[in-house]
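Worksheet for the structure shown next.
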There are 2 protein chains.
Amino acid sequence: MTAERETAEVLARTLRDAITRLNRRVRQARPVGDLTFSQLSALTSLQLAGALTPRELADVERVQPPTMTKIVGKLEDRGLVARTPHPTDRRQVILAPTEQGRTVYAQFERARNEWLAQQLANLSPDERSTLARAAEILQQVARA
Amino acid sequence: MTAERETAEVLARTLRDAITRLNRRVRQARPVGDLTFSQLSALTSLQLAGALTPRELADVERVQPPTMTKIVGKLEDRGLVARTPHPTDRRQVILAPTEQGRTVYAQFERARNEWLAQQLANLSPDERSTLARAAEILQQVARA
DNA sequence: TCACAGTAGTTAGCTTAGCTAATGATCCGC
DNA sequence: GCGGATCATTAGCTAAGCTAACTACTGTGA
């Protein structure tokens with residue numbers, strides 16, 4: 001095993017552990033409202049993309065299609081997402097946030113970030129810039 | 001709002017997004033074996049700490065006690081964790097990995113990290129050291 | 001043109017994870 | 001030694017995730 005590979009393995013362990021715990025922490029800070037983490041995440045992806053088919057959304061969220069069916073169903077029940085027929089392919093469906101969806105998203109997003117933002121504000125500028133660079137690298141890795 | 005606070009909010013959003021996606025990605029790479037992410041995480045905490053009470057383990061894992069009862073129950077069913085009475089307080093229980101638990105942990109841990117380690121090995125040394133520093137900061141934040 | 005293979009979405013049925021509320025057992029302070 | 005805290009568990013719920021199987025539709029090729 002190369003030294004590089006070994007370093008990568010140690011780092012993988014550390015990083016995974018940190019991410020697991022932080023993820024739980026952020027999840028826990030869920031506001032009293034009723035949108036769950038997965039629902040908010042899906043709504044966010046829709047918001048950012050404008051509109052997606054269920055399959056595309058499932059791919060973006062790295063989830064199997066049936067899972068996304070459920071999540072979207074919940075969002076639809078709440079009137080946050082609307083489905084319209086695909087213009088040419090009648091098998092497909094177009095999902096997009098409703099006006100209400102956009103509003104609710106903004107509110108939750110703010111509440112959602114509050115705890116984490118507070119923690120980050122307490123860090124040094126140097127630490128924050130390290131995290132900013134790390135976030136980009138992680139995005140890239142997750143996309144691979 | 002201070003500039004610092006604003007920076008923190010943007011960073012929070014980015015970071016949270018990256019972490020969510022990476023977490024799903026790693027979860028997805030779960031080996032065919034039968035230990036789930038939460039189970040492995042709990043086993044890991046026990047391994048690192050040596051022994052903990054259910055309450056302590058729940059705190060470490062940032063989970064409510066009943067949730068930990070279930071997870072520990074599964075690990076116990078598989079003979080990976082054993083419970084012994086607390087020496088002085090009969091309400092409490094001491095949880096520790098069994099010999100088999102330690103073995104299984106090591107195997108899974110290796111398989112678990114494989115995908116992530118591979119990704120990290122492909123990064124530049126500079127990127128890796130950024131992630132290493134970030135991991136420490138995140139650990140600290142998650143602990144807050 | 002039409003049979004058939006492939007694709008999109010959903011449904012069904014399962015396990016795991018997480019929560020709160022309530023219980024039972026124990027501890028400890030007064 | 002009584003009464004309030006604390007530890008663990010049970011019960012009962014919802015959400016998230018999976019695979020397998022189904023329906024509806026598309027598109028291709030004989």
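Each chain in the structure tokens gets a letter, A, B and so on, in the order shown; residues start at 1 in every chain, and ligands are counted from 1 in the order they appear.
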
Once you count only C-alpha atoms (C1' of nucleotides), what closest atom pair and distance in Å to one decimal does each residue of chain A within 9 Å of chain C have, with rows by chain and rising residue number, as JSON lines?
{"residue": "A:Pro54", "atom": "CA", "partner": "C:DG9", "partner_atom": "C1'", "distance": 7.8}
{"residue": "A:Arg55", "atom": "CA", "partner": "C:DA8", "partner_atom": "C1'", "distance": 7.5}
{"residue": "A:Pro65", "atom": "CA", "partner": "C:DG9", "partner_atom": "C1'", "distance": 8.0}
{"residue": "A:Pro66", "atom": "CA", "partner": "C:DT10", "partner_atom": "C1'", "distance": 7.3}
{"residue": "A:Thr69", "atom": "CA", "partner": "C:DT10", "partner_atom": "C1'", "distance": 7.3}
{"residue": "A:Arg91", "atom": "CA", "partner": "C:DA8", "partner_atom": "C1'", "distance": 5.4}
{"residue": "A:Gln92", "atom": "CA", "partner": "C:DA8", "partner_atom": "C1'", "distance": 5.7}
{"residue": "A:Val93", "atom": "CA", "partner": "C:DG9", "partner_atom": "C1'", "distance": 8.4}

What are the closest atom pairs, with distances in Å to one decimal, for all residues of chain D lying within 12 Å of range 6-29 of chain B? Consider only C-alpha atoms (C1' of nucleotides), order rows by chain and residue number, and present the result as CSV.
residue,atom,partner,partner_atom,distance
D:DA16,C1',B:Arg24,CA,11.8
D:DG17,C1',B:Gln28,CA,10.1
D:DC18,C1',B:Gln28,CA,10.6

How would the residues just picked look written out with N, CA and C atoms (P, O5', C5', C4', C3', O3' and C1' of nucleotides) as a PDB file, in the first residue's frame?
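What ended up in again20.pdb:
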ATOM      1  P    DA D  16     -38.879  11.392   5.177  1.00  0.00           P
ATOM      2  O5'  DA D  16     -37.961  10.107   5.136  1.00  0.00           O
ATOM      3  C5'  DA D  16     -36.873  10.019   6.036  1.00  0.00           C
ATOM      4  C4'  DA D  16     -36.018   8.851   5.657  1.00  0.00           C
ATOM      5  C3'  DA D  16     -35.721   8.754   4.165  1.00  0.00           C
ATOM      6  O3'  DA D  16     -34.365   8.420   4.018  1.00  0.00           O
ATOM      7  C1'  DA D  16     -36.696   6.759   4.910  1.00  0.00           C
ATOM      8  P    DG D  17     -33.613   8.741   2.693  1.00  0.00           P
ATOM      9  O5'  DG D  17     -33.618   7.320   1.966  1.00  0.00           O
ATOM     10  C5'  DG D  17     -32.599   6.408   2.282  1.00  0.00           C
ATOM     11  C4'  DG D  17     -33.077   5.000   2.126  1.00  0.00           C
ATOM     12  C3'  DG D  17     -33.400   4.530   0.702  1.00  0.00           C
ATOM     13  O3'  DG D  17     -32.232   4.283  -0.036  1.00  0.00           O
ATOM     14  C1'  DG D  17     -34.763   3.502   2.375  1.00  0.00           C
ATOM     15  P    DC D  18     -32.346   3.805  -1.563  1.00  0.00           P
ATOM     16  O5'  DC D  18     -32.696   2.243  -1.449  1.00  0.00           O
ATOM     17  C5'  DC D  18     -31.818   1.369  -0.756  1.00  0.00           C
ATOM     18  C4'  DC D  18     -32.448  -0.001  -0.650  1.00  0.00           C
ATOM     19  C3'  DC D  18     -32.926  -0.553  -1.991  1.00  0.00           C
ATOM     20  O3'  DC D  18     -31.897  -1.339  -2.555  1.00  0.00           O
ATOM     21  C1'  DC D  18     -34.605  -0.842  -0.299  1.00  0.00           C
TER      22       DC D  18
END

Could you list, as a PDB file with C-alpha atoms (C1' of nucleotides), in the first residue's frame, every residue of chain D that has an atom within 12 Å of an atom of chain A, counting only C-alpha atoms (C1' of nucleotides)?
ATOM      1  C1'  DT D  14     -43.803   8.129  11.269  1.00  0.00           C
ATOM      2  C1'  DA D  15     -40.231   8.594   7.817  1.00  0.00           C
ATOM      3  C1'  DA D  16     -36.696   6.759   4.910  1.00  0.00           C
ATOM      4  C1'  DG D  17     -34.763   3.502   2.375  1.00  0.00           C
ATOM      5  C1'  DC D  18     -34.605  -0.842  -0.299  1.00  0.00           C
ATOM      6  C1'  DT D  19     -36.156  -4.637  -3.962  1.00  0.00           C
ATOM      7  C1'  DA D  20     -39.597  -6.811  -6.754  1.00  0.00           C
ATOM      8  C1'  DT D  23     -48.814  -0.508 -15.539  1.00  0.00           C
ATOM      9  C1'  DA D  24     -48.320   2.578 -19.140  1.00  0.00           C
ATOM     10  C1'  DC D  25     -45.886   4.282 -22.670  1.00  0.00           C
ATOM     11  C1'  DT D  26     -42.030   4.728 -26.268  1.00  0.00           C
ATOM     12  C1'  DG D  27     -39.486   3.327 -29.992  1.00  0.00           C
TER      13       DG D  27
END

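Those residues that approach range 122-130 of chain B to within 7 Å, counting only C-alpha atoms (C1' of nucleotides), are Thr130 and Ala134 of chain A; Gln118, Gln119, Arg133 and Ala134 of chain B; same-chain residues fewer than 3 positions away are not listed.
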
Take the residues from that selection and write them out as a PDB file, in the first residue's frame, keeping N, CA, C and O atoms.
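Listing of out-v4.pdb after writing:
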ATOM      1  N   THR A 130     -11.051  27.291   5.577  1.00  0.00           N
ATOM      2  CA  THR A 130     -10.706  25.874   5.395  1.00  0.00           C
ATOM      3  C   THR A 130     -11.963  25.073   5.083  1.00  0.00           C
ATOM      4  O   THR A 130     -11.992  24.254   4.162  1.00  0.00           O
ATOM      5  N   ALA A 134     -13.025  22.944   1.840  1.00  0.00           N
ATOM      6  CA  ALA A 134     -13.379  21.532   2.036  1.00  0.00           C
ATOM      7  C   ALA A 134     -14.747  21.221   1.427  1.00  0.00           C
ATOM      8  O   ALA A 134     -14.932  20.179   0.796  1.00  0.00           O
TER       9      ALA A 134
ATOM     10  N   GLN B 118     -10.751   5.609  -1.789  1.00  0.00           N
ATOM     11  CA  GLN B 118     -10.378   5.631  -3.200  1.00  0.00           C
ATOM     12  C   GLN B 118     -10.540   7.034  -3.780  1.00  0.00           C
ATOM     13  O   GLN B 118      -9.664   7.548  -4.467  1.00  0.00           O
ATOM     14  N   GLN B 119     -11.663   7.643  -3.451  1.00  0.00           N
ATOM     15  CA  GLN B 119     -11.905   9.003  -3.933  1.00  0.00           C
ATOM     16  C   GLN B 119     -10.852   9.960  -3.403  1.00  0.00           C
ATOM     17  O   GLN B 119     -10.321  10.793  -4.138  1.00  0.00           O
ATOM     18  N   ARG B 133      -7.881  18.962   7.892  1.00  0.00           N
ATOM     19  CA  ARG B 133      -8.109  20.052   8.844  1.00  0.00           C
ATOM     20  C   ARG B 133      -9.608  20.290   9.024  1.00  0.00           C
ATOM     21  O   ARG B 133     -10.095  20.504  10.133  1.00  0.00           O
ATOM     22  N   ALA B 134     -10.323  20.210   7.919  1.00  0.00           N
ATOM     23  CA  ALA B 134     -11.773  20.420   7.988  1.00  0.00           C
ATOM     24  C   ALA B 134     -12.433  19.373   8.880  1.00  0.00           C
ATOM     25  O   ALA B 134     -13.322  19.691   9.677  1.00  0.00           O
TER      26      ALA B 134
END

In chain B, what's strand (DSSP E or B) per DSSP? Answer as a ChimeraX atom specification?
/B:52,81-85,93-97

The selected residues should be written to file as a PDB file, in the first residue's frame (atoms: all heavy atoms).
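Output file part-v4.pdb follows:
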ATOM      1  N   LEU B  52     -19.276   1.560  27.313  1.00  0.00           N
ATOM      2  CA  LEU B  52     -20.139   2.690  27.625  1.00  0.00           C
ATOM      3  C   LEU B  52     -21.483   2.171  28.133  1.00  0.00           C
ATOM      4  O   LEU B  52     -21.869   1.039  27.842  1.00  0.00           O
ATOM      5  CB  LEU B  52     -20.398   3.528  26.372  1.00  0.00           C
ATOM      6  CG  LEU B  52     -19.231   4.295  25.751  1.00  0.00           C
ATOM      7  CD1 LEU B  52     -19.651   4.880  24.407  1.00  0.00           C
ATOM      8  CD2 LEU B  52     -18.777   5.411  26.685  1.00  0.00           C
ATOM      9  N   VAL B  81     -21.951  -7.351  20.566  1.00  0.00           N
ATOM     10  CA  VAL B  81     -21.871  -6.517  21.759  1.00  0.00           C
ATOM     11  C   VAL B  81     -22.421  -7.320  22.937  1.00  0.00           C
ATOM     12  O   VAL B  81     -23.366  -8.083  22.780  1.00  0.00           O
ATOM     13  CB  VAL B  81     -22.715  -5.231  21.554  1.00  0.00           C
ATOM     14  CG1 VAL B  81     -23.059  -4.577  22.879  1.00  0.00           C
ATOM     15  CG2 VAL B  81     -21.984  -4.251  20.656  1.00  0.00           C
ATOM     16  N   ALA B  82     -21.773  -7.142  24.080  1.00  0.00           N
ATOM     17  CA  ALA B  82     -22.250  -7.840  25.277  1.00  0.00           C
ATOM     18  C   ALA B  82     -22.555  -6.828  26.364  1.00  0.00           C
ATOM     19  O   ALA B  82     -21.941  -5.760  26.425  1.00  0.00           O
ATOM     20  CB  ALA B  82     -21.193  -8.819  25.771  1.00  0.00           C
ATOM     21  N   ARG B  83     -23.520  -7.145  27.182  1.00  0.00           N
ATOM     22  CA  ARG B  83     -23.839  -6.245  28.283  1.00  0.00           C
ATOM     23  C   ARG B  83     -23.503  -6.924  29.613  1.00  0.00           C
ATOM     24  O   ARG B  83     -23.783  -8.098  29.816  1.00  0.00           O
ATOM     25  CB  ARG B  83     -25.301  -5.824  28.243  1.00  0.00           C
ATOM     26  CG  ARG B  83     -26.302  -6.928  28.473  1.00  0.00           C
ATOM     27  CD  ARG B  83     -27.723  -6.383  28.427  1.00  0.00           C
ATOM     28  NE  ARG B  83     -28.066  -5.980  27.067  1.00  0.00           N
ATOM     29  CZ  ARG B  83     -28.813  -4.908  26.762  1.00  0.00           C
ATOM     30  NH1 ARG B  83     -29.293  -4.140  27.711  1.00  0.00           N
ATOM     31  NH2 ARG B  83     -29.077  -4.637  25.512  1.00  0.00           N
ATOM     32  N   THR B  84     -22.879  -6.128  30.492  1.00  0.00           N
ATOM     33  CA  THR B  84     -22.576  -6.626  31.829  1.00  0.00           C
ATOM     34  C   THR B  84     -23.139  -5.629  32.826  1.00  0.00           C
ATOM     35  O   THR B  84     -23.305  -4.455  32.502  1.00  0.00           O
ATOM     36  CB  THR B  84     -21.055  -6.757  32.038  1.00  0.00           C
ATOM     37  OG1 THR B  84     -20.451  -5.489  31.776  1.00  0.00           O
ATOM     38  CG2 THR B  84     -20.468  -7.792  31.106  1.00  0.00           C
ATOM     39  N   PRO B  85     -23.459  -6.094  34.025  1.00  0.00           N
ATOM     40  CA  PRO B  85     -24.039  -5.193  35.027  1.00  0.00           C
ATOM     41  C   PRO B  85     -23.038  -4.123  35.439  1.00  0.00           C
ATOM     42  O   PRO B  85     -21.827  -4.353  35.449  1.00  0.00           O
ATOM     43  CB  PRO B  85     -24.337  -6.123  36.212  1.00  0.00           C
ATOM     44  CG  PRO B  85     -24.257  -7.509  35.682  1.00  0.00           C
ATOM     45  CD  PRO B  85     -23.310  -7.464  34.533  1.00  0.00           C
ATOM     46  N   VAL B  93     -26.120  -0.396  32.809  1.00  0.00           N
ATOM     47  CA  VAL B  93     -25.579  -1.565  32.126  1.00  0.00           C
ATOM     48  C   VAL B  93     -24.305  -1.114  31.448  1.00  0.00           C
ATOM     49  O   VAL B  93     -24.196   0.037  31.047  1.00  0.00           O
ATOM     50  CB  VAL B  93     -26.575  -2.063  31.063  1.00  0.00           C
ATOM     51  CG1 VAL B  93     -26.016  -3.225  30.280  1.00  0.00           C
ATOM     52  CG2 VAL B  93     -27.895  -2.447  31.707  1.00  0.00           C
ATOM     53  N   ILE B  94     -23.354  -2.017  31.338  1.00  0.00           N
ATOM     54  CA  ILE B  94     -22.131  -1.688  30.611  1.00  0.00           C
ATOM     55  C   ILE B  94     -22.131  -2.426  29.291  1.00  0.00           C
ATOM     56  O   ILE B  94     -22.291  -3.645  29.253  1.00  0.00           O
ATOM     57  CB  ILE B  94     -20.871  -2.118  31.401  1.00  0.00           C
ATOM     58  CG1 ILE B  94     -20.891  -1.497  32.798  1.00  0.00           C
ATOM     59  CG2 ILE B  94     -19.626  -1.728  30.640  1.00  0.00           C
ATOM     60  CD1 ILE B  94     -20.670  -0.022  32.815  1.00  0.00           C
ATOM     61  N   LEU B  95     -21.958  -1.677  28.221  1.00  0.00           N
ATOM     62  CA  LEU B  95     -21.908  -2.275  26.893  1.00  0.00           C
ATOM     63  C   LEU B  95     -20.471  -2.297  26.402  1.00  0.00           C
ATOM     64  O   LEU B  95     -19.752  -1.303  26.546  1.00  0.00           O
ATOM     65  CB  LEU B  95     -22.744  -1.445  25.913  1.00  0.00           C
ATOM     66  CG  LEU B  95     -24.218  -1.250  26.257  1.00  0.00           C
ATOM     67  CD1 LEU B  95     -24.839  -0.246  25.311  1.00  0.00           C
ATOM     68  CD2 LEU B  95     -24.948  -2.571  26.235  1.00  0.00           C
ATOM     69  N   ALA B  96     -20.080  -3.410  25.817  1.00  0.00           N
ATOM     70  CA  ALA B  96     -18.740  -3.497  25.232  1.00  0.00           C
ATOM     71  C   ALA B  96     -18.784  -4.453  24.046  1.00  0.00           C
ATOM     72  O   ALA B  96     -19.579  -5.398  24.040  1.00  0.00           O
ATOM     73  CB  ALA B  96     -17.737  -3.977  26.273  1.00  0.00           C
ATOM     74  N   PRO B  97     -17.934  -4.192  23.044  1.00  0.00           N
ATOM     75  CA  PRO B  97     -17.874  -5.111  21.908  1.00  0.00           C
ATOM     76  C   PRO B  97     -17.304  -6.458  22.348  1.00  0.00           C
ATOM     77  O   PRO B  97     -16.417  -6.509  23.197  1.00  0.00           O
ATOM     78  CB  PRO B  97     -16.936  -4.414  20.916  1.00  0.00           C
ATOM     79  CG  PRO B  97     -16.241  -3.357  21.685  1.00  0.00           C
ATOM     80  CD  PRO B  97     -17.068  -3.022  22.863  1.00  0.00           C
TER      81      PRO B  97
END

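Nearest to chain B of all the residues A:Ala49, A:Val60, A:Leu75, A:Leu35 is A:Val60, counting only C-alpha atoms.
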
Using CA of Glu76 in chain B and C1' of DC13 in chain D as the two end points, give the distance in Å to one decimal.
24.5 Å

In terms of the shortest atom-to-atom distance over only C-alpha atoms, which of B:Val72, B:Thr103, B:Gln47, B:Ser41 is closest to chain A?
B:Ser41

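Each of A:Glu4, A:Asp77, A:Glu99, A:Asp34 was compared to chain B using only C-alpha atoms, and A:Glu4 turns out to be the nearest.
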
As a PyMOL selection string, please: all residues of chain B that backbone DSSP puts in alpha helix (DSSP H).
chain B and resi 3-28+37-49+54-60+65-77+99-121+125-143

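Relative to CA of Asn113 in chain B, CA of Leu80 in chain B is found at 20.0 Å.
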